[in-house]
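Student: Take a look at final_1.cif, mmCIF, C-alpha atoms:
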```
data_target
#
loop_
_atom_site.group_PDB
_atom_site.id
_atom_site.type_symbol
_atom_site.label_atom_id
_atom_site.label_comp_id
_atom_site.auth_asym_id
_atom_site.auth_seq_id
_atom_site.Cartn_x
_atom_site.Cartn_y
_atom_site.Cartn_z
ATOM 1 C CA MET X 294 -20.128 14.078 -33.775
ATOM 2 C CA THR X 295 -16.376 14.655 -33.581
ATOM 3 C CA GLN X 296 -16.820 16.895 -30.554
ATOM 4 C CA LEU X 297 -18.788 14.214 -28.680
ATOM 5 C CA THR X 298 -16.088 11.637 -29.396
ATOM 6 C CA LEU X 299 -13.373 14.003 -28.147
ATOM 7 C CA LEU X 300 -15.403 14.839 -25.021
ATOM 8 C CA ALA X 301 -15.858 11.156 -24.294
ATOM 9 C CA ARG X 302 -12.142 10.501 -24.750
ATOM 10 C CA PHE X 303 -11.153 13.463 -22.609
ATOM 11 C CA ALA X 304 -13.648 12.502 -19.893
ATOM 12 C CA GLU X 305 -12.169 9.010 -19.708
ATOM 13 C CA GLU X 306 -8.586 10.267 -19.646
ATOM 14 C CA ILE X 307 -9.354 12.818 -16.932
ATOM 15 C CA SER X 308 -11.065 10.175 -14.797
ATOM 16 C CA TRP X 309 -8.171 7.760 -15.154
ATOM 17 C CA MET X 310 -5.538 10.412 -14.538
ATOM 18 C CA ALA X 311 -7.205 10.980 -11.165
ATOM 19 C CA ARG X 312 -7.489 7.257 -10.475
ATOM 20 C CA TYR X 313 -3.822 6.589 -11.220
ATOM 21 C CA MET X 314 -2.627 9.408 -8.968
ATOM 22 C CA GLU X 315 -4.941 8.275 -6.174
ATOM 23 C CA ARG X 316 -3.638 4.732 -6.626
ATOM 24 C CA ALA X 317 -0.008 5.878 -6.349
ATOM 25 C CA ASP X 318 -0.811 7.877 -3.209
ATOM 26 C CA ASN X 319 -2.624 4.982 -1.529
ATOM 27 C CA LEU X 320 0.105 2.503 -2.427
ATOM 28 C CA ALA X 321 2.813 4.781 -1.020
ATOM 29 C CA ARG X 322 0.881 5.052 2.251
ATOM 30 C CA LEU X 323 0.463 1.291 2.430
ATOM 31 C CA LEU X 324 4.131 0.533 1.712
ATOM 32 C CA GLU X 325 5.405 3.135 4.167
ATOM 33 C CA VAL X 326 3.243 1.911 7.044
ATOM 34 C CA ASN X 327 3.871 -1.742 6.211
ATOM 35 C CA GLU X 328 7.636 -1.194 6.267
ATOM 36 C CA VAL X 329 7.399 0.229 9.784
ATOM 37 C CA PHE X 330 5.153 -2.494 11.178
ATOM 38 C CA ALA X 331 6.949 -5.373 9.439
ATOM 39 C CA ARG X 332 10.180 -5.025 11.398
ATOM 40 C CA ASP X 333 9.693 -8.239 13.317
ATOM 41 C CA ARG X 334 10.005 -11.955 12.755
ATOM 42 C CA ARG X 335 6.789 -11.904 10.712
ATOM 43 C CA GLY X 336 7.980 -9.222 8.361
ATOM 44 C CA GLU X 337 7.907 -11.345 5.231
ATOM 45 C CA HIS X 338 4.345 -12.457 6.008
ATOM 46 C CA ASN X 339 3.273 -8.817 6.247
ATOM 47 C CA TRP X 340 4.786 -8.095 2.841
ATOM 48 C CA ASP X 341 2.818 -11.021 1.431
ATOM 49 C CA ALA X 342 -0.314 -9.200 2.560
ATOM 50 C CA VAL X 343 0.450 -6.314 0.200
ATOM 51 C CA ILE X 344 0.592 -8.709 -2.754
ATOM 52 C CA ASP X 345 -2.703 -10.319 -1.780
ATOM 53 C CA LEU X 346 -4.368 -6.949 -1.250
ATOM 54 C CA ASN X 347 -3.610 -6.007 -4.856
ATOM 55 C CA ALA X 348 -4.366 -9.509 -6.224
ATOM 56 C CA ASP X 349 -0.912 -9.638 -7.821
ATOM 57 C CA ARG X 350 0.284 -13.046 -6.612
ATOM 58 C CA GLU X 351 0.473 -14.659 -10.058
ATOM 59 C CA LEU X 352 2.246 -11.716 -11.683
ATOM 60 C CA PHE X 353 4.711 -11.334 -8.813
ATOM 61 C CA GLU X 354 5.713 -15.009 -8.786
ATOM 62 C CA LYS X 355 6.089 -15.010 -12.560
ATOM 63 C CA GLN X 356 8.482 -12.053 -12.442
ATOM 64 C CA HIS X 357 10.284 -12.522 -9.129
ATOM 65 C CA GLY X 358 9.652 -16.023 -7.793
ATOM 66 C CA ALA X 359 9.627 -16.360 -4.003
ATOM 67 C CA THR X 360 8.644 -13.285 -2.018
ATOM 68 C CA SER X 361 10.977 -11.183 0.080
ATOM 69 C CA PRO X 362 10.596 -7.698 1.603
ATOM 70 C CA SER X 363 13.046 -6.187 -0.887
ATOM 71 C CA LYS X 364 11.490 -7.844 -3.937
ATOM 72 C CA THR X 365 7.964 -6.935 -2.899
ATOM 73 C CA ALA X 366 8.892 -3.325 -2.186
ATOM 74 C CA TYR X 367 10.637 -3.042 -5.572
ATOM 75 C CA PHE X 368 7.651 -4.656 -7.310
ATOM 76 C CA TYR X 369 5.350 -1.926 -6.012
ATOM 77 C CA MET X 370 7.739 1.004 -5.990
ATOM 78 C CA LEU X 371 9.771 0.993 -9.205
ATOM 79 C CA ASP X 372 9.027 -2.143 -11.219
ATOM 80 C CA ARG X 373 8.111 -0.834 -14.676
ATOM 81 C CA ASP X 374 6.748 -4.277 -15.635
ATOM 82 C CA ASN X 375 4.160 -4.179 -12.857
ATOM 83 C CA PRO X 376 1.172 -2.117 -14.079
ATOM 84 C CA ASN X 377 0.145 -1.550 -10.452
ATOM 85 C CA SER X 378 3.473 -0.143 -9.246
ATOM 86 C CA ILE X 379 3.845 3.472 -8.209
ATOM 87 C CA ILE X 380 6.054 4.334 -11.165
ATOM 88 C CA SER X 381 3.633 2.652 -13.594
ATOM 89 C CA SER X 382 0.656 4.485 -12.083
ATOM 90 C CA VAL X 383 2.409 7.850 -12.334
ATOM 91 C CA ARG X 384 3.524 7.050 -15.887
ATOM 92 C CA SER X 385 -0.081 6.233 -16.858
ATOM 93 C CA ALA X 386 -1.321 9.434 -15.211
ATOM 94 C CA ARG X 387 1.294 11.416 -17.158
ATOM 95 C CA GLU X 388 0.327 9.744 -20.450
ATOM 96 C CA ASN X 389 -3.266 10.761 -19.897
ATOM 97 C CA ALA X 390 -2.198 14.262 -18.881
ATOM 98 C CA ARG X 391 -0.190 14.633 -22.095
ATOM 99 C CA SER X 392 -3.385 14.124 -24.117
ATOM 100 C CA LEU X 393 -5.229 16.512 -21.830
ATOM 101 C CA ARG X 394 -2.866 19.474 -22.129
ATOM 102 C CA PRO X 395 -5.505 21.645 -23.870
ATOM 103 C CA LEU X 396 -7.801 21.103 -20.867
ATOM 104 C CA ILE X 397 -5.615 20.938 -17.758
ATOM 105 C CA SER X 398 -3.551 23.768 -16.342
ATOM 106 C CA THR X 399 0.099 24.257 -17.204
ATOM 107 C CA GLU X 400 0.900 23.829 -13.517
ATOM 108 C CA MET X 401 -0.775 20.406 -13.417
ATOM 109 C CA TRP X 402 1.159 19.163 -16.433
ATOM 110 C CA THR X 403 4.501 20.604 -15.319
ATOM 111 C CA HIS X 404 4.309 19.127 -11.834
ATOM 112 C CA LEU X 405 3.262 15.685 -13.068
ATOM 113 C CA ASN X 406 5.956 15.656 -15.732
ATOM 114 C CA VAL X 407 8.689 16.633 -13.260
ATOM 115 C CA PHE X 408 7.453 14.044 -10.750
ATOM 116 C CA PHE X 409 7.537 11.236 -13.305
ATOM 117 C CA ASN X 410 11.002 12.167 -14.539
ATOM 118 C CA GLU X 411 12.203 12.160 -10.941
ATOM 119 C CA LEU X 412 10.931 8.599 -10.482
ATOM 120 C CA GLN X 413 12.486 7.586 -13.815
ATOM 121 C CA ALA X 414 15.885 8.754 -12.633
ATOM 122 C CA ILE X 415 15.932 6.466 -9.588
ATOM 123 C CA SER X 416 18.199 3.473 -10.080
ATOM 124 C CA ALA X 417 16.946 0.312 -8.386
ATOM 125 C CA THR X 418 16.799 -3.489 -8.628
ATOM 126 C CA PRO X 419 14.840 -6.103 -6.658
ATOM 127 C CA ASP X 420 17.876 -6.520 -4.407
ATOM 128 C CA ASN X 421 18.887 -2.858 -4.231
ATOM 129 C CA ILE X 422 16.023 -0.484 -3.511
ATOM 130 C CA PRO X 423 15.993 3.082 -2.176
ATOM 131 C CA ASN X 424 14.994 3.783 1.404
ATOM 132 C CA ILE X 425 11.307 2.841 1.526
ATOM 133 C CA SER X 426 10.180 5.483 4.015
ATOM 134 C CA ARG X 427 11.911 8.358 2.236
ATOM 135 C CA PHE X 428 10.697 7.172 -1.172
ATOM 136 C CA CYS X 429 7.090 6.831 -0.013
ATOM 137 C CA GLU X 430 7.167 10.175 1.764
ATOM 138 C CA ARG X 431 8.338 11.810 -1.468
ATOM 139 C CA VAL X 432 5.570 10.096 -3.435
ATOM 140 C CA ARG X 433 2.893 11.104 -0.924
ATOM 141 C CA THR X 434 4.123 14.695 -0.956
ATOM 142 C CA ALA X 435 4.076 14.797 -4.759
ATOM 143 C CA CYS X 436 0.584 13.263 -4.935
ATOM 144 C CA GLN X 437 -0.706 15.744 -2.366
ATOM 145 C CA ALA X 438 0.897 18.575 -4.343
ATOM 146 C CA HIS X 439 -0.849 17.304 -7.467
ATOM 147 C CA THR X 440 -4.165 17.321 -5.611
ATOM 148 C CA GLY X 441 -3.563 20.854 -4.357
ATOM 149 C CA ILE X 442 -2.499 22.157 -7.768
ATOM 150 C CA THR X 443 -5.546 20.535 -9.347
ATOM 151 C CA GLU X 444 -7.829 22.029 -6.703
ATOM 152 C CA GLY X 445 -6.419 25.479 -7.294
ATOM 153 C CA THR X 446 -6.087 25.546 -11.084
ATOM 154 C CA PHE X 447 -8.495 23.118 -12.773
ATOM 155 C CA TYR X 448 -11.439 24.900 -14.388
ATOM 156 C CA ARG X 449 -14.797 23.789 -12.929
ATOM 157 C CA ASP X 450 -16.417 22.424 -16.063
ATOM 158 C CA GLN X 451 -17.359 18.821 -16.827
ATOM 159 C CA GLY X 452 -13.721 17.785 -16.683
ATOM 160 C CA TRP X 453 -13.474 18.720 -13.023
ATOM 161 C CA TYR X 454 -16.389 16.459 -12.157
ATOM 162 C CA PHE X 455 -14.929 13.516 -14.054
ATOM 163 C CA TYR X 456 -11.638 14.047 -12.238
ATOM 164 C CA GLN X 457 -13.400 13.950 -8.883
ATOM 165 C CA LEU X 458 -15.428 10.891 -9.880
ATOM 166 C CA GLY X 459 -12.257 8.998 -10.738
ATOM 167 C CA LYS X 460 -10.594 10.024 -7.494
ATOM 168 C CA TYR X 461 -13.438 8.960 -5.228
ATOM 169 C CA LEU X 462 -14.155 5.706 -7.040
ATOM 170 C CA GLU X 463 -10.497 4.705 -6.753
ATOM 171 C CA ARG X 464 -10.353 5.770 -3.115
ATOM 172 C CA ALA X 465 -13.446 3.747 -2.217
ATOM 173 C CA ASP X 466 -11.994 0.687 -3.924
ATOM 174 C CA GLN X 467 -8.645 1.033 -2.149
ATOM 175 C CA THR X 468 -10.301 1.362 1.258
ATOM 176 C CA THR X 469 -12.383 -1.793 0.765
ATOM 177 C CA ARG X 470 -9.202 -3.671 -0.114
ATOM 178 C CA LEU X 471 -7.376 -2.393 2.955
ATOM 179 C CA VAL X 472 -10.103 -3.481 5.344
ATOM 180 C CA ASP X 473 -10.629 -6.800 3.562
ATOM 181 C CA VAL X 474 -6.986 -7.835 3.703
ATOM 182 C CA LYS X 475 -6.883 -7.101 7.438
ATOM 183 C CA TYR X 476 -9.569 -9.674 8.107
ATOM 184 C CA HIS X 477 -8.219 -12.357 5.811
ATOM 185 C CA THR X 478 -4.468 -12.088 5.515
ATOM 186 C CA LEU X 479 -2.666 -10.183 8.255
ATOM 187 C CA LEU X 480 -3.556 -12.381 11.232
ATOM 188 C CA PRO X 481 -1.887 -15.807 11.193
ATOM 189 C CA ARG X 482 -3.955 -17.352 14.011
ATOM 190 C CA PRO X 483 -7.387 -16.714 15.567
ATOM 191 C CA ASP X 484 -5.633 -16.488 18.952
ATOM 192 C CA ASP X 485 -4.057 -13.206 17.847
ATOM 193 C CA VAL X 486 -7.408 -11.419 17.712
ATOM 194 C CA GLY X 487 -7.419 -8.699 20.380
ATOM 195 C CA SER X 488 -3.698 -9.091 21.078
ATOM 196 C CA ILE X 489 -1.084 -6.341 20.971
ATOM 197 C CA LEU X 490 -0.130 -7.658 17.526
ATOM 198 C CA ASP X 491 -3.724 -7.373 16.354
ATOM 199 C CA LEU X 492 -4.137 -3.835 17.694
ATOM 200 C CA SER X 493 -0.847 -2.714 16.158
ATOM 201 C CA GLN X 494 -2.038 -3.926 12.781
ATOM 202 C CA TRP X 495 -5.302 -2.026 13.117
ATOM 203 C CA ASN X 496 -3.177 0.986 14.004
ATOM 204 C CA ALA X 497 -1.204 0.394 10.809
ATOM 205 C CA LEU X 498 -4.419 0.070 8.852
ATOM 206 C CA LEU X 499 -5.620 3.462 10.070
ATOM 207 C CA ARG X 500 -2.303 5.068 9.194
ATOM 208 C CA SER X 501 -2.360 3.471 5.726
ATOM 209 C CA ALA X 502 -5.701 5.185 5.159
ATOM 210 C CA ALA X 503 -4.420 8.475 6.662
ATOM 211 C CA GLY X 504 -7.140 8.087 9.274
ATOM 212 C CA TYR X 505 -5.329 7.640 12.594
ATOM 213 C CA HIS X 506 -5.795 11.167 13.943
ATOM 214 C CA ALA X 507 -9.336 11.479 12.582
ATOM 215 C CA TYR X 508 -10.246 8.169 14.221
ATOM 216 C CA ARG X 509 -8.811 9.244 17.578
ATOM 217 C CA ARG X 510 -10.930 12.399 17.455
ATOM 218 C CA VAL X 511 -14.028 10.216 17.197
ATOM 219 C CA HIS X 512 -12.723 7.459 19.526
ATOM 220 C CA PRO X 513 -10.292 9.150 21.954
ATOM 221 C CA ARG X 514 -10.144 6.198 24.370
ATOM 222 C CA GLY X 515 -8.202 3.875 22.125
ATOM 223 C CA ILE X 516 -8.245 1.612 19.097
ATOM 224 C CA ASP X 517 -11.042 -0.918 18.828
ATOM 225 C CA PRO X 518 -10.995 -3.262 15.797
ATOM 226 C CA ILE X 519 -14.733 -3.060 15.210
ATOM 227 C CA GLY X 520 -14.595 0.710 15.646
ATOM 228 C CA VAL X 521 -11.783 0.980 13.092
ATOM 229 C CA ALA X 522 -13.665 -1.112 10.536
ATOM 230 C CA GLU X 523 -16.804 0.937 11.067
ATOM 231 C CA PHE X 524 -14.825 4.179 10.735
ATOM 232 C CA LEU X 525 -13.241 3.170 7.429
ATOM 233 C CA VAL X 526 -16.368 1.668 5.910
ATOM 234 C CA LEU X 527 -19.396 3.523 7.289
ATOM 235 C CA ASN X 528 -18.284 6.897 8.662
ATOM 236 C CA ASN X 529 -19.844 9.709 6.626
ATOM 237 C CA ARG X 530 -17.353 12.444 7.577
ATOM 238 C CA PHE X 531 -13.959 10.850 7.030
ATOM 239 C CA PRO X 532 -12.938 11.606 3.407
ATOM 240 C CA ARG X 533 -11.406 8.185 2.806
ATOM 241 C CA SER X 534 -14.231 6.054 4.170
ATOM 242 C CA VAL X 535 -16.206 4.012 1.673
ATOM 243 C CA ARG X 536 -19.487 5.656 2.636
ATOM 244 C CA TYR X 537 -18.109 9.178 2.301
ATOM 245 C CA CYS X 538 -16.583 8.428 -1.114
ATOM 246 C CA ILE X 539 -19.807 6.946 -2.445
ATOM 247 C CA GLY X 540 -21.734 9.960 -1.161
ATOM 248 C CA GLU X 541 -19.373 12.239 -3.090
ATOM 249 C CA VAL X 542 -19.737 10.124 -6.229
ATOM 250 C CA SER X 543 -23.517 10.421 -5.951
ATOM 251 C CA ASN X 544 -23.327 14.218 -5.562
ATOM 252 C CA LEU X 545 -20.927 14.577 -8.495
ATOM 253 C CA LEU X 546 -23.175 12.516 -10.748
ATOM 254 C CA SER X 547 -26.129 14.695 -9.815
ATOM 255 C CA GLN X 548 -24.161 17.754 -10.933
ATOM 256 C CA LEU X 549 -23.277 16.130 -14.268
ATOM 257 C CA ILE X 550 -26.896 15.119 -14.847
ATOM 258 C CA TYR X 551 -28.695 18.267 -13.754
ATOM 259 C CA THR X 552 -26.132 21.022 -14.296
ATOM 260 C CA PHE X 553 -24.535 19.758 -17.507
ATOM 261 C CA GLN X 554 -27.544 17.783 -18.817
ATOM 262 C CA LEU X 555 -25.566 14.569 -19.265
ATOM 263 C CA ASN X 556 -28.721 12.524 -18.950
ATOM 264 C CA ARG X 557 -27.158 9.178 -19.781
ATOM 265 C CA GLY X 558 -25.683 9.381 -16.311
ATOM 266 C CA ASP X 559 -28.977 8.083 -14.961
ATOM 267 C CA ARG X 560 -27.709 4.549 -15.573
ATOM 268 C CA VAL X 561 -24.535 5.297 -13.665
ATOM 269 C CA ALA X 562 -26.556 6.813 -10.828
ATOM 270 C CA GLU X 563 -28.612 3.633 -10.589
ATOM 271 C CA ALA X 564 -25.420 1.595 -10.154
ATOM 272 C CA VAL X 565 -24.180 4.031 -7.497
ATOM 273 C CA ASP X 566 -27.519 3.859 -5.676
ATOM 274 C CA VAL X 567 -27.008 0.106 -5.236
ATOM 275 C CA ILE X 568 -23.821 0.781 -3.244
ATOM 276 C CA HIS X 569 -25.364 3.730 -1.415
ATOM 277 C CA LYS X 570 -28.298 1.609 -0.272
ATOM 278 C CA ARG X 571 -25.988 -1.230 0.751
ATOM 279 C CA LEU X 572 -24.022 1.137 2.996
ATOM 280 C CA GLU X 573 -26.991 3.076 4.369
ATOM 281 C CA ASP X 574 -29.109 0.060 5.281
ATOM 282 C CA THR X 575 -26.600 -1.627 7.567
ATOM 283 C CA ASP X 576 -24.358 -1.291 10.609
ATOM 284 C CA MET X 577 -21.034 -2.859 11.491
ATOM 285 C CA GLN X 578 -22.481 -5.686 13.572
ATOM 286 C CA SER X 579 -24.744 -6.685 10.695
ATOM 287 C CA ILE X 580 -21.749 -6.623 8.358
ATOM 288 C CA ILE X 581 -19.729 -8.840 10.689
ATOM 289 C CA ASP X 582 -22.647 -11.264 11.063
ATOM 290 C CA TYR X 583 -23.039 -11.369 7.272
ATOM 291 C CA GLY X 584 -19.306 -11.666 6.703
ATOM 292 C CA MET X 585 -16.851 -8.797 6.307
ATOM 293 C CA HIS X 586 -15.181 -10.320 3.262
ATOM 294 C CA GLU X 587 -18.500 -11.075 1.582
ATOM 295 C CA PHE X 588 -19.773 -7.546 2.227
ATOM 296 C CA LEU X 589 -16.614 -5.847 0.931
ATOM 297 C CA ASP X 590 -16.467 -8.186 -2.053
ATOM 298 C CA ALA X 591 -20.026 -7.151 -2.929
ATOM 299 C CA ILE X 592 -19.005 -3.482 -2.701
ATOM 300 C CA GLN X 593 -16.049 -4.108 -5.016
ATOM 301 C CA LEU X 594 -18.306 -5.824 -7.558
ATOM 302 C CA ASP X 595 -20.702 -2.877 -7.287
ATOM 303 C CA LEU X 596 -17.820 -0.480 -7.976
ATOM 304 C CA ILE X 597 -16.923 -2.481 -11.087
ATOM 305 C CA ALA X 598 -20.556 -2.148 -12.206
ATOM 306 C CA VAL X 599 -20.328 1.631 -11.734
ATOM 307 C CA ALA X 600 -17.127 1.780 -13.799
ATOM 308 C CA LYS X 601 -18.725 -0.253 -16.595
ATOM 309 C CA ALA X 602 -21.800 1.973 -16.563
ATOM 310 C CA MET X 603 -19.524 5.025 -16.892
ATOM 311 C CA ASP X 604 -17.722 3.392 -19.813
ATOM 312 C CA VAL X 605 -21.005 3.099 -21.693
ATOM 313 C CA ALA X 606 -22.683 6.322 -20.566
ATOM 314 C CA TYR X 607 -19.751 8.729 -20.824
ATOM 315 C CA PHE X 608 -16.713 7.147 -22.445
ATOM 316 C CA GLY X 609 -18.189 5.943 -25.736
ATOM 317 C CA GLN X 610 -17.852 2.219 -25.139
ATOM 318 C CA VAL X 611 -20.478 -0.179 -26.468
ATOM 319 C CA GLU X 612 -22.329 -2.527 -24.164
ATOM 320 C CA GLU X 613 -21.422 -6.200 -24.481
ATOM 321 C CA ASP X 614 -25.030 -7.090 -25.293
ATOM 322 C CA ASP X 615 -24.931 -4.665 -28.226
ATOM 323 C CA VAL X 616 -21.686 -6.194 -29.481
ATOM 324 C CA ALA X 617 -23.134 -9.705 -29.253
ATOM 325 C CA ALA X 618 -26.215 -8.613 -31.183
#
```
Spell out the structure here as structure tokens.
Tutor:
Amino acid sequence: MTQLTLLARFAEEISWMARYMERADNLARLLEVNEVFARDRRGEHNWDAVIDLNADRELFEKQHGATSPSKTAYFYMLDRDNPNSIISSVRSARENARSLRPLISTEMWTHLNVFFNELQAISATPDNIPNISRFCERVRTACQAHTGITEGTFYRDQGWYFYQLGKYLERADQTTRLVDVKYHTLLPRPDDVGSILDLSQWNALLRSAAGYHAYRRVHPRGIDPIGVAEFLVLNNRFPRSVRYCIGEVSNLLSQLIYTFQLNRGDRVAEAVDVIHKRLEDTDMQSIIDYGMHEFLDAIQLDLIAVAKAMDVAYFGQVEEDDVAA
């Protein structure tokens, strides 16, 4: 009984370690690209989009009041009181890694510990932040190094599969948020659709998702907004698209169920199948006709359902219905 409890705890910590590192990586990409494309008269509006993407408006205004590029960048880079900041995400990943030291490699722990201490040593305030591009480049490099070290040193037992599940679930969620905010926040007027401003923002969106070069391989003639949305949501070969991530989640669950006999994963697989079917049974025009926001919101709710199913099936949490009974 003790072993099952420890396995459940370790599985949860491994999954969340991966999610926090993926979150830090995605946020660094978003901030870096946003800083480049916000150097115009609408710069402050573009920084507002980052707050809305992460649904942090209430927390930001409580801590910092009116928005500004410097305050927003600090809030997401080095604000220890923001649980969604880069430094908070890396701190949470490190806390999980500390508990996982018997399971993860020495190289994984050492790199993550050094990375966190490096972030801790940076002195910053809302009005005095480090260079955004250099900071984000350092974070991206460290997150990529973590991924590489994990790939090369993490033993391929159940823990590996929970790590990958966390990574792909977080990545799918982040991509839905990126595409959603483009449709609902970045453009100030309908007249801007199809303009140079609009296309530059779609360019920025691709770069935030590390998909610019991959997209141009598929669409060498230029950037088309519908093509970009389709690429990030429905492409089954780009490793950051929603469809690709959900496909990987489905494959990983199959391995846990059939290779490791974790049969309670059937309930998780059912929740994943809902998303898989939603993505497989549509095309971009149908999504646009239905409503991009409504479609992506449904995917996000489905991802929450998957996370809750994992909590019950693998992480030892009790269903709410059981608690009520």
Student: If you count all atoms listed in the file, which residues fall within 12 Å of Ser547 of chain X, apart from same-chain ones fewer than 2 positions away, as a PDB file with C-alpha atoms, in the frame of the given file?
Tutor:
```pdb
ATOM      1  CA  GLN X 451     -17.359  18.821 -16.827  1.00  0.00           C
ATOM      2  CA  TYR X 454     -16.389  16.459 -12.157  1.00  0.00           C
ATOM      3  CA  LEU X 458     -15.428  10.891  -9.880  1.00  0.00           C
ATOM      4  CA  GLY X 540     -21.734   9.960  -1.161  1.00  0.00           C
ATOM      5  CA  GLU X 541     -19.373  12.239  -3.090  1.00  0.00           C
ATOM      6  CA  VAL X 542     -19.737  10.124  -6.229  1.00  0.00           C
ATOM      7  CA  SER X 543     -23.517  10.421  -5.951  1.00  0.00           C
ATOM      8  CA  ASN X 544     -23.327  14.218  -5.562  1.00  0.00           C
ATOM      9  CA  LEU X 545     -20.927  14.577  -8.495  1.00  0.00           C
ATOM     10  CA  LEU X 549     -23.277  16.130 -14.268  1.00  0.00           C
ATOM     11  CA  ILE X 550     -26.896  15.119 -14.847  1.00  0.00           C
ATOM     12  CA  TYR X 551     -28.695  18.267 -13.754  1.00  0.00           C
ATOM     13  CA  THR X 552     -26.132  21.022 -14.296  1.00  0.00           C
ATOM     14  CA  PHE X 553     -24.535  19.758 -17.507  1.00  0.00           C
ATOM     15  CA  GLN X 554     -27.544  17.783 -18.817  1.00  0.00           C
ATOM     16  CA  LEU X 555     -25.566  14.569 -19.265  1.00  0.00           C
ATOM     17  CA  ASN X 556     -28.721  12.524 -18.950  1.00  0.00           C
ATOM     18  CA  ARG X 557     -27.158   9.178 -19.781  1.00  0.00           C
ATOM     19  CA  GLY X 558     -25.683   9.381 -16.311  1.00  0.00           C
ATOM     20  CA  ASP X 559     -28.977   8.083 -14.961  1.00  0.00           C
ATOM     21  CA  ARG X 560     -27.709   4.549 -15.573  1.00  0.00           C
ATOM     22  CA  VAL X 561     -24.535   5.297 -13.665  1.00  0.00           C
ATOM     23  CA  ALA X 562     -26.556   6.813 -10.828  1.00  0.00           C
ATOM     24  CA  GLU X 563     -28.612   3.633 -10.589  1.00  0.00           C
ATOM     25  CA  VAL X 565     -24.180   4.031  -7.497  1.00  0.00           C
ATOM     26  CA  ASP X 566     -27.519   3.859  -5.676  1.00  0.00           C
TER      27      ASP X 566
END
```
Student: Excluding same-chain residues fewer than 6 positions from Arg391 of chain X, what lies within 10 Å of it counting only C-alpha atoms, as a ChimeraX atom specification?
Tutor: /X:306,385,397,402,405-406
Student: Measuring between all atoms listed in the file, which one of X:Asn375, X:Ser534, X:Thr575, X:Ser392 shows the shortest distance to Thr469 of chain X?
Tutor: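 Ranking X:Asn375, X:Ser534, X:Thr575, X:Ser392 by distance to Thr469 of chain X, first place goes to X:Ser534.
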Student: Between atom CA of Trp495 of chain X and atom CA of Ile580 of chain X, what is the spacing in Å?
Tutor: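 Straight-line distance from atom CA of Ile580 of chain X to atom CA of Trp495 of chain X works out to 17.7 Å.
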Student: Mind listing whatever residues come within 12 Å of the point (-13.0, -1.5, 13.1)? Use all atoms listed in the file, file coordinates, and give them as an MDAnalysis selection string.
Tutor: chainID X and resid 471:473 475:476 487 491:492 494:496 498:499 504:505 508 512 515:528 534 576:578 580:581 585
Student: What would the file look like if the residues just selected were written as a compact mmCIF listing (two decimals), keeping the file's coordinate frame with C-alpha atoms?
Tutor:
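File written: again_36.txt
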```txt
# COMPACT_ATOMS: atom_id res chain seq x y z
CA LEU X 471 -7.38 -2.39 2.96
CA VAL X 472 -10.10 -3.48 5.34
CA ASP X 473 -10.63 -6.80 3.56
CA LYS X 475 -6.88 -7.10 7.44
CA TYR X 476 -9.57 -9.67 8.11
CA GLY X 487 -7.42 -8.70 20.38
CA ASP X 491 -3.72 -7.37 16.35
CA LEU X 492 -4.14 -3.84 17.69
CA GLN X 494 -2.04 -3.93 12.78
CA TRP X 495 -5.30 -2.03 13.12
CA ASN X 496 -3.18 0.99 14.00
CA LEU X 498 -4.42 0.07 8.85
CA LEU X 499 -5.62 3.46 10.07
CA GLY X 504 -7.14 8.09 9.27
CA TYR X 505 -5.33 7.64 12.59
CA TYR X 508 -10.25 8.17 14.22
CA HIS X 512 -12.72 7.46 19.53
CA GLY X 515 -8.20 3.88 22.12
CA ILE X 516 -8.24 1.61 19.10
CA ASP X 517 -11.04 -0.92 18.83
CA PRO X 518 -11.00 -3.26 15.80
CA ILE X 519 -14.73 -3.06 15.21
CA GLY X 520 -14.60 0.71 15.65
CA VAL X 521 -11.78 0.98 13.09
CA ALA X 522 -13.66 -1.11 10.54
CA GLU X 523 -16.80 0.94 11.07
CA PHE X 524 -14.82 4.18 10.74
CA LEU X 525 -13.24 3.17 7.43
CA VAL X 526 -16.37 1.67 5.91
CA LEU X 527 -19.40 3.52 7.29
CA ASN X 528 -18.28 6.90 8.66
CA SER X 534 -14.23 6.05 4.17
CA ASP X 576 -24.36 -1.29 10.61
CA MET X 577 -21.03 -2.86 11.49
CA GLN X 578 -22.48 -5.69 13.57
CA ILE X 580 -21.75 -6.62 8.36
CA ILE X 581 -19.73 -8.84 10.69
CA MET X 585 -16.85 -8.80 6.31
```
Student: Mind checking which residues fall within 8 Å of segment 358-368 of chain X, counting all atoms listed in the file, ignoring those fewer than 2 positions away in the same chain, and posting them as a PyMOL selection string?
Tutor: chain X and resi 324+336-337+340-341+344+353-356+370-372+375+378+417-422+425
Student: Point out the residue among X:Phe428, X:Phe608, X:Trp309, X:Tyr456 with the least atom-to-atom distance to Thr443 of chain X, counting all atoms listed in the file.
Tutor: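 Once distances to Thr443 of chain X are computed over all atoms listed in the file, the minimum belongs to X:Tyr456.
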Student: Might you spell out which residues the PyMOL selection byres ((chain X and resi 379) around 8) would select in the displayed file, as a list of chain:residue names?
Tutor: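 So the PyMOL selection byres ((chain X and resi 379) around 8) ends up selecting X:Arg316, X:Ala317, X:Leu320, X:Ala321, X:Tyr369, X:Met370, X:Leu371, X:Asn377, X:Ser378, X:Ile380, X:Ser381, X:Ser382, X:Val383.
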Student: Quick one, how far is atom CA of Val511 of chain X from atom CA of Val535 of chain X?
Tutor: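 Taking atom CA of Val511 of chain X as the start and atom CA of Val535 of chain X as the end point, the length is 16.9 Å.
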Student: Residues within 9 Å of Arg470 of chain X, please, as an NGL selection string. Count all atoms listed in the file; anything in the same chain fewer than 3 positions from it doesn't count.
Tutor: :X and (346-347 or 465-467 or 473-475 or 589-590 or 593)
